[in-house]
Each structure stands twice: as C-alpha cells, then as structure tokens.
Number of protein chains: 2
Amino acid sequence: MSKGLPKRADDYSAWYNELVKKADLAENSAVRGCMVIKPYGYSIWEKMQAALDKMFKETGHSNAYFPLFIPKSYLSREADHVEGFAKECAVVTHYRLKSSDDGKGVVVDPDAKLEEELIVRPTSETIIWNTYKNWIQSYRDLPILVNQWANVVRWEMRTRFFLRTTEFLWQEGHTAHITKDEAVEETYKILNIYAKFAEEFMAVPVLKGIKTETERFAGAVDTYSIEALMQDGKSLQAGTSHFLGQNFAKAFDVKFATKEGGLDLVWGTSWGVSTRLIGGLIMAHSDDNGLVLPPKLAPIQVVIIPIIKSKDQYALIDEKVSGVIQKMKARGISVHYDNRDTYKPGWKFAEYELKGVPLRLAIGPRDLENNTMELARRDTLTKEIVSMDNIDEIVENLLNEIQNSIFRRAMEYREENTREVDSYDEFKKVLKNKGGFVKAHWDGTAETEAKIKNETKATIRCILLDEKEEQGNCIYSGKPSSKKVVFAKAY
Amino acid sequence: MSKGLPKRADDYSAWYNELVKKADLAENSAVRGCMVIKPYGYSIWEKMQAALDKMFKETGHSNAYFPLFIPKSYLSREADHVEGFAKECAVVTHYRLKSSDDGKGVVVDPDAKLEEELIVRPTSETIIWNTYKNWIQSYRDLPILVNQWANVVRWEMRTRFFLRTTEFLWQEGHTAHITKDEAVEETYKILNIYAKFAEEFMAVPVLKGIKTETERFAGAVDTYSIEALMQDGKSLQAGTSHFLGQNFAKAFDVKFATKEGGLDLVWGTSWGVSTRLIGGLIMAHSDDNGLVLPPKLAPIQVVIIPIIKSKDQYALIDEKVSGVIQKMKARGISVHYDNRDTYKPGWKFAEYELKGVPLRLAIGPRDLENNTMELARRDTLTKEIVSMDNIDEIVENLLNEIQNSIFRRAMEYREENTREVDSYDEFKKVLKNKGGFVKAHWDGTAETEAKIKNETKATIRCILLDEKEEQGNCIYSGKPSSKKVVFAKAY
C-alpha cells in the first residue's frame, strides 16, 4: 500500500516531500517559502512543545514574549551578529495601505513610511538584550532564565518542508548570568535537555558536540549542537545551545552591581530548537509505506477500525470497542475509533499506515465471537490476534516496546554509518559511496574546512564533547591534530 | 502598602498602567506600540491558553498554523474585509538588508524589493480561506474545525497595555460547514465557551449578545460578543464569535460536492480572544493595593514566607514547610516558598500583595512552637491563624471560596451598575455620573447609534441574546422599538 509514495532508494528528497503532503503534515502556502502546518503535523509540534516546555520549567525557566519587530539599527549593534542575520530578512517599511486610484484594490500609502524600518525577527538576541538592560541592575536580579515560543522569519532562497522555511516556529531561550561558569553550565544543561528530548521522545540518537568557528552562531563565543543522522546518510543539526560570553551585554551595555560593590558585564546564553525537529523525526524513522512515529510523539497512538459486513453489527461492535477505549484511556493512551461509514476498512488501513499510527486494532464479526482483536504494529508491519480481556495492558507494553525498538534501530543505523578514516582518499570514498558520519583528523583551520567542504560538500558537524585525545595528522593538510572531528553532508 | 500605585478613584487609567508595570506583567518595548510580556504576565496567558485550548479540543477542534504574511491582494478579495483591515497594517516591502556605504550600519537593499507586498496578518480569514479552497472538495471533507494560536499586528495609533497593542497574541478559530444551521450553531457554541471561560476561570461575569451592524466584524454576517464591565464603569469586549455566512467562501471560491451530487458554497465562522483578556482580568478585580487574581488563573496560588530572627531557625522552618508544600502539591495547588535571604519579610508581603497571590502563609518562631501558620487572603485582606495539621485542606477550600467570592463581587458590581432608562436625559445623566451598562430602547438605525456615540461616547455593546421583547420608543428618535439594547462606554 504505497499510496503513490516515491521510494526512498529511488528519490529520497521526493519521498520526503510527498510524504509530508500525503500524510497531511504540511503544505506550501501562497506565500513563497512559508508553509501551512496542518492539524496532524501541528499536533506533533504540540507534543514536542509540551515535553520540552516541561523540561525547561523543571530546570527553572519561565516563558515570556518579546516583540515580533526589531528596529533595524539593533541588528548592527553586535558586529558578528549583523553579518549573520541582516542579510536575508523581511523588512517592514510602511504601516498603512490605501485604496488604489482605480478603486479595485489597495496600494501602500506612501505617507505611511516608517522613520526607521522594522525587521521581522530572525532571532531575538538584540531586542531581548535591549530589554534585559532594564531588568538587570544588581546581582539580585540574576540569573534571568527566560524562554520564548515564537515564529521567526529568515528569507531563505531554497526551502524545504520543516527543514528550511522562510517562517518557522521555534523556542528561543535567552539567559543572563553573574559568572562565566554559570553561563557555560547553562549552555551544557540545555544541550543535555535537547539530547534527552531527541533520544527519549523522538527516538533519535544524537551526537553532542561543539561547532567549529565557521559553523558558530553569529555573535556566540561557542556553539554546541546535537546532530542526528538521517536515513540518506546526511546529518541534521537538530538543536543548538550558544555560550554568548559577554558579547550581547557589551553591545547593549548590560551591567550589574556585584555583591562586592563593583560593576560587571552580564554573561549570556541562547538556545533553540524549531519545527525542523519534525523534519528530522520524519526522515529518521519513516519508510516507503509512510510515516513511522514514536509513540511518545504520535498524535494518535492506537487506531481502532471496525470491519462490518452488515449494518446491524455496528451497535455490538461499538459497545465492545467503547469498553476497550475506556480501559486504554485510563492508562493515558490516546486512541481513535474510526467508525466512519464513508470510508472502507482497506482505505482506513492504508491511511493510518501512511500517517504512522503506531498500533492498529481491527475488530470484525469473528473477533466478536472470539473476544479478540487483530493487532498490527506500524514499525515492523507484523500482526497478531490478541484477547480483548487484557488488551489495554498489551497495548501499553507494546507502545513502550515500539518506542525503544525504533530508537534501537536508529542507533544501529547510526553505528553502522559512523566510520573513522585516516586518509583523504578513504574520506572521499566513504562520503561518495556510503555517506553517514565520518570521523577524521583535521588541522583546526577554517581554510582546510572550507576546502574539504568545497571538494566534497561535507562539513564538520561537530567536535564530540567526549572525543578522546589522540595524536594524528589532518587528512587534508597532513598537519598535526590532537582529535578526530565528525564530518558529514548535512541538511 | 500601596507601593506608590495611583488610586483607582483618582486616576483609573494611571492606576492600571502603573499596576501592569509594577506587578511585572508587561512593559513597553523599543518598538512603538509593542509590549514585552514579562514572565509573570505571560504565565497568566499560559493558564488562559491551557483552559481554552482544552475546551476547544473537547468540542472537536484542532490546532494548525498558517503563514504570518498575507499577499496584499488577498485583503481586497472580500469587500467589507478590506475596508476594516487594510488600513492600519505592517507592510513588508523588501527581503534583504545590506551594509551601508559608510560601513557603520545596514540599509534596505533596493534590489530586494518584493513584487507584491506582504501584509503582517491583522487576522487570517483571507489566507485561511485561500487554503481551505484546497482542503475542501466534498461534503466528506467537512466540517473543518481549526484553531490557531498566533501573533497578529494592527497598527494602532493609541495603545494601552494588553487592551490595545500593535502586536498581540490571540487564538483565531476558523471553521467551515456544510449548512448554515451548523455554522450558526458553531458560532453560538464558541460564544458559550468564551462566556464559560470568562465566568468560571476569570471570575468575570459577561453579557452575551449580538453586535449591531456598525460594530460587526468586517466580512461577517453576524458578530456575537461577550462584554464585561470594568471597575470604572466601562465595558470591555472580551471575545467575539462571527457567523461569516458564505462571504469568504464566495471571495475565495470555496465550494463542495454535496451528498446529492450538487455543488455548494461552504458556510463559515471565525472567533477569537486575545491577550486583551489579561487587561480585563486586571481591571475587573484588582484594587489600590495591587492585583487580585482568581485562583484558577494565578501563576502562584499560595506563597509561603518564613519569618526568621536568627539564621539557626532556617533548617527547622524549611523542614516544616517542605511537609506543607508536599501536601499542597499533592492536591494540585501551586505553591511558592520564598526563603530568599536577600529580601525582608515586609518587602515580600508587599510584593506578593501587589502581584495578587490569592493566599499568603507566614511562619515564624512562635508558629513553630504552636504548629500554626498565619494565613492571609488577598481578596479580603483578612488574616487568621491556622493549624498546620490540615492546612492543605483549608487552603484548597479557601482557594475555591476565593474564586467564587471574586466572581460574586464582580457580579454584584455589575448588577448595581446595570440600569434601564426610558429617556435620553436620564441616559446621559447615568452615563455621566455613574457609567456602567445602560439598557435603553433604540430605533435600530446606524444614524441614531452614531449620533448617540458622538454625543455621549457610549456605543451599543450588544443586543442581549435573552433580551425580552417589549414595545417602547427609541430614547433618541422616539421611533418604535421592540427591545432594549445595552449601551456603555467601552475600551
């Protein structure tokens, strides 16, 4: 039942695009580069938000909301930041329309030109640090641990559902601290939250590492990321956590009176994950039949489909099923009973397979006699007949098993596709034939990094936090190196 | 302990503005008309969102997300809509900045001009109906019951915290139906959800009614609203639910194949509440000492403050309090223990009073001996000594009592300030001396409505859904009228 999906092996990119559309996750909008996130896709985002928000709050963070618009001049306050973000952004120049002369439409009112243009936020460091200036006078006002769930806009030339869109949804944390150590600790704390979320909820194993200078966030001292391997052997940067040092405090003059009576610049961090995670979730697990969703993020965990030959069986099945639903709901399982008579069972089977519902239960006349249901697993496509008596317990255990199994499979895939190489020839061969993560020695220079990228399209995804020290030579320049780094082609 | 708040009786407007700032709810941003919602204010919004979102989902609605930007031409597709919304809006004309010639800043890149300008959504009917066109082919695709939590922008000339800001946060529901009756039913269903939310969570009694043509949403056939009375005698339109008829279906050509094989235009509704509700919450209950928050929406329901003379008492009090906290948390009560030693108890008392925490518990050395705590109610400012043994139960009951009591007080205030008048002189006298809701006969014409507004600043807030029929004469024109309508000055 492929529903006309391209196969991954034939055209991974087409498979992804079609899957997003056919599974009702998102579609293109009338506005270039902006997508509509449909209810089924959005409910995955809601589950992601709920899990992350809980983790942020458990670690002392609060949510707040800052303006969508940033005065143009703010972007230039931090020198590196403006380089990274001022280029491709939406600029508001006017605040009024008026009727056109022909009376048929509206035109921009030239009298309503803004004195200073406003930028639709591509990220909010500037407007937030400008605000923190007023919030912070003394050490007693610190730390500030604030997060914002918001939309941001970056004018992307080439877009792809979830992975890169002009407007996207994200959370951006912005914290302010008394000491450097505390800010660095916060940066790691969040990186670990992101990794935990990716592995425990998304069932996607991630590498944790530090970025090279080239790949660093514009305005950060250090950028850390989690990197996940997709089924086509490319890496997805799934979340970043930045140690900002005192850069934005300097740019916006944010100082605090110390306990000892001095005056110091504040230390900062910022960190974010976005709707890009949905793209990663899809690409990590799904197959040629459609989505495969981990139970913890699946909008529907279990679907029940009645198989009815004659209309008089409806009442009996409805009654049986309602008991099963009640027992499952009591265990916190999200279950959907699709007894629409406008669609046939076969159509429904294909539909929920495409949509990645982890478990499907079917019940027909013979099941009624035998007090059974047919249980089908989406991840393995296996089926079995189970008794209705303890079906809620079976389902609960199986959902846990599926969550773990999907993670294990992704972990095995990553292990099989992580290779260490000692020469540039080998490096190129692996990238060309197999992809995946390639660990190799690098001389630490941006020049070498750029040349390798240019020749192979592979970039340094990160330097693993737990990478062991070892003497070696850069695969490109032959210069000495003390650690291997992780290369991959990336989204 | 007035914390320098102006008194309501002296300057209601200044009292409101200062209270919003001093209670850490919001502050002005660097961007004209846009506010920063601070963590304490935002957590009220989160509680509102959670309660409303649950009610929407229980009635079959799903969330989705549509683009921030609307192509300019879309606004002109529905004739009334463009009149209402095209005027004051943020217009994106360019998509890139570049370095200025002096190298010191950035300027708009003239080469990056958009072919068609984009409007930052003031409301999303146009972009959503343009999307629904693709979602709806047959009666089997209906109804569509979708909601969006989003930011919107309306370029307001005069702004006020929460009540009217250039950017604000809201939810906007957009539904599509097969029949007129079903769409009308949806409009009422949502109006009732809004009223239930206002009364049961915000503890604010509301009138439910239909708007006059003058006050109707631009593009709607009928607009219904909930109206709440503030302490200064002005009405706040707190939520609106619109029956759109087939207006947007016509504008965007949204038709469906009927069961019978025909082709019909789709019927629509839209409805929204916004961060304006926070303004209403503040103005309905708070007093000259600060916020008074209903327990169901209070970010902190109970604060515990230790009163310590010497440092060695800390451990003992911490231990006692931790037991109390555990018991309260088990009952789902949100409790905050403020044992900071950087602030004195008196400062804390004033702070939490200002912030409207419904219950304050204080514990000092004598309480330790007696196994008691001092319990203070924010709404009545009364205090009593209670035993620690069953304090969780006392607190739980009291929180319910406070929720009800605040609502009763607001209801009494509204009843005292709702008056029926039979002459224009009386009408003007009531509005001038007392304000509040004034019920009077009206001849049903926009001319009379405009003249009354012009002469008294009062507008028709709504025609109550349950208003009784009675023969009378318009207080202004003397023409016959079959029902009284509700007038008030309004925010």
# chains A, B, ... in the order shown; residues from 1 in each chain; ligands from 1

call {"tool": "residues_around", "arguments": {"residues": "Pro358 of chain B", "least_positions_apart": "6", "cutoff": "10 Å", "atoms": "only C-alpha atoms", "output": "PDB file with C-alpha atoms, in the first residue's frame"}}
result
ATOM      1  CA  LEU B 291      -3.550  42.751  41.566  1.00  0.00           C
ATOM      2  CA  VAL B 292      -6.325  40.481  42.766  1.00  0.00           C
ATOM      3  CA  LEU B 293      -6.148  37.256  40.763  1.00  0.00           C
ATOM      4  CA  PRO B 294      -8.699  34.451  40.713  1.00  0.00           C
ATOM      5  CA  PRO B 295      -7.001  31.257  41.950  1.00  0.00           C
ATOM      6  CA  LYS B 296      -7.707  29.371  38.716  1.00  0.00           C
ATOM      7  CA  ALA B 298      -2.996  32.827  39.365  1.00  0.00           C
ATOM      8  CA  PRO B 299       0.569  31.811  38.419  1.00  0.00           C
ATOM      9  CA  ILE B 300       1.215  31.262  42.136  1.00  0.00           C
ATOM     10  CA  GLN B 301      -1.792  30.314  44.259  1.00  0.00           C
ATOM     11  CA  VAL B 302      -0.068  30.239  47.632  1.00  0.00           C
ATOM     12  CA  VAL B 303       3.139  31.875  48.768  1.00  0.00           C
ATOM     13  CA  TYR B 352       3.060  39.282  46.717  1.00  0.00           C
ATOM     14  CA  ALA B 376      -3.797  35.982  54.727  1.00  0.00           C
ATOM     15  CA  ARG B 377      -6.386  36.337  51.946  1.00  0.00           C
ATOM     16  CA  ARG B 378      -5.517  38.727  49.150  1.00  0.00           C
ATOM     17  CA  ASP B 379      -9.094  39.459  48.093  1.00  0.00           C
ATOM     18  CA  THR B 380     -10.416  40.457  51.524  1.00  0.00           C
ATOM     19  CA  LEU B 381      -7.068  41.295  53.168  1.00  0.00           C
ATOM     20  CA  LEU B 398     -10.275  28.633  50.625  1.00  0.00           C
ATOM     21  CA  LEU B 399      -8.990  28.832  47.050  1.00  0.00           C
ATOM     22  CA  ILE B 402     -11.948  32.967  46.833  1.00  0.00           C
ATOM     23  CA  GLN B 403     -12.671  32.030  43.221  1.00  0.00           C
TER      24      GLN B 403
END

call {"tool": "interface_residues", "arguments": {"of": "chain A", "to": "chain B", "cutoff": "7 Å", "atoms": "only C-alpha atoms", "output": "PyMOL selection string"}}
result
chain A and resi 31+34-39+42+62-67+69+71+73+76+86-98+105-106+155

call {"tool": "atom_distance", "arguments": {"atom1": "atom CA of Phe487 of chain B", "atom2": "atom CA of Thr418 of chain B"}}
result
9.8 Å

call {"tool": "closest_residue", "arguments": {"among": "A:Glu200, A:Glu416, A:Asp232, A:Glu449", "to": "Asn400 of chain A", "atoms": "only C-alpha atoms"}}
result
A:Glu200

call {"tool": "residues_around", "arguments": {"residues": "Arg366 of chain B", "least_positions_apart": "5", "cutoff": "12 Å", "atoms": "only C-alpha atoms", "output": "ChimeraX atom specification"}}
result
/B:306-309,313,317,371-374,385

call {"tool": "write_last_selection", "arguments": {"atoms": "C-alpha atoms", "output": "CSV table (one decimal), in the first residue's frame"}}
result
chain,number,residue,atom,x,y,z
B,306,PRO,CA,9.4,32.4,56.6
B,307,ILE,CA,9.9,35.0,59.3
B,308,ILE,CA,13.2,34.3,60.9
B,309,LYS,CA,15.1,36.2,63.6
B,313,GLN,CA,15.9,28.7,62.6
B,317,ILE,CA,11.3,26.1,59.2
B,371,ASN,CA,2.3,24.2,64.9
B,372,THR,CA,0.5,27.0,63.2
B,373,MET,CA,0.8,29.4,60.3
B,374,GLU,CA,-0.6,32.9,59.6
B,385,ILE,CA,-4.0,31.7,62.5

call {"tool": "residues_around", "arguments": {"residues": "Asp443 of chain A", "least_positions_apart": "2", "cutoff": "6 Å", "atoms": "only C-alpha atoms", "output": "short mmCIF file (atom, residue, chain, number, x, y, z; two decimals) with C-alpha atoms, in the first residue's frame"}}
result
data_model
loop_
_atom_site.label_atom_id
_atom_site.label_comp_id
_atom_site.auth_asym_id
_atom_site.auth_seq_id
_atom_site.Cartn_x
_atom_site.Cartn_y
_atom_site.Cartn_z
CA THR A 445 41.96 25.74 10.33
CA CYS A 474 44.94 16.16 9.21
CA LYS A 479 49.40 18.88 9.74
CA SER A 481 45.91 17.14 15.03
#
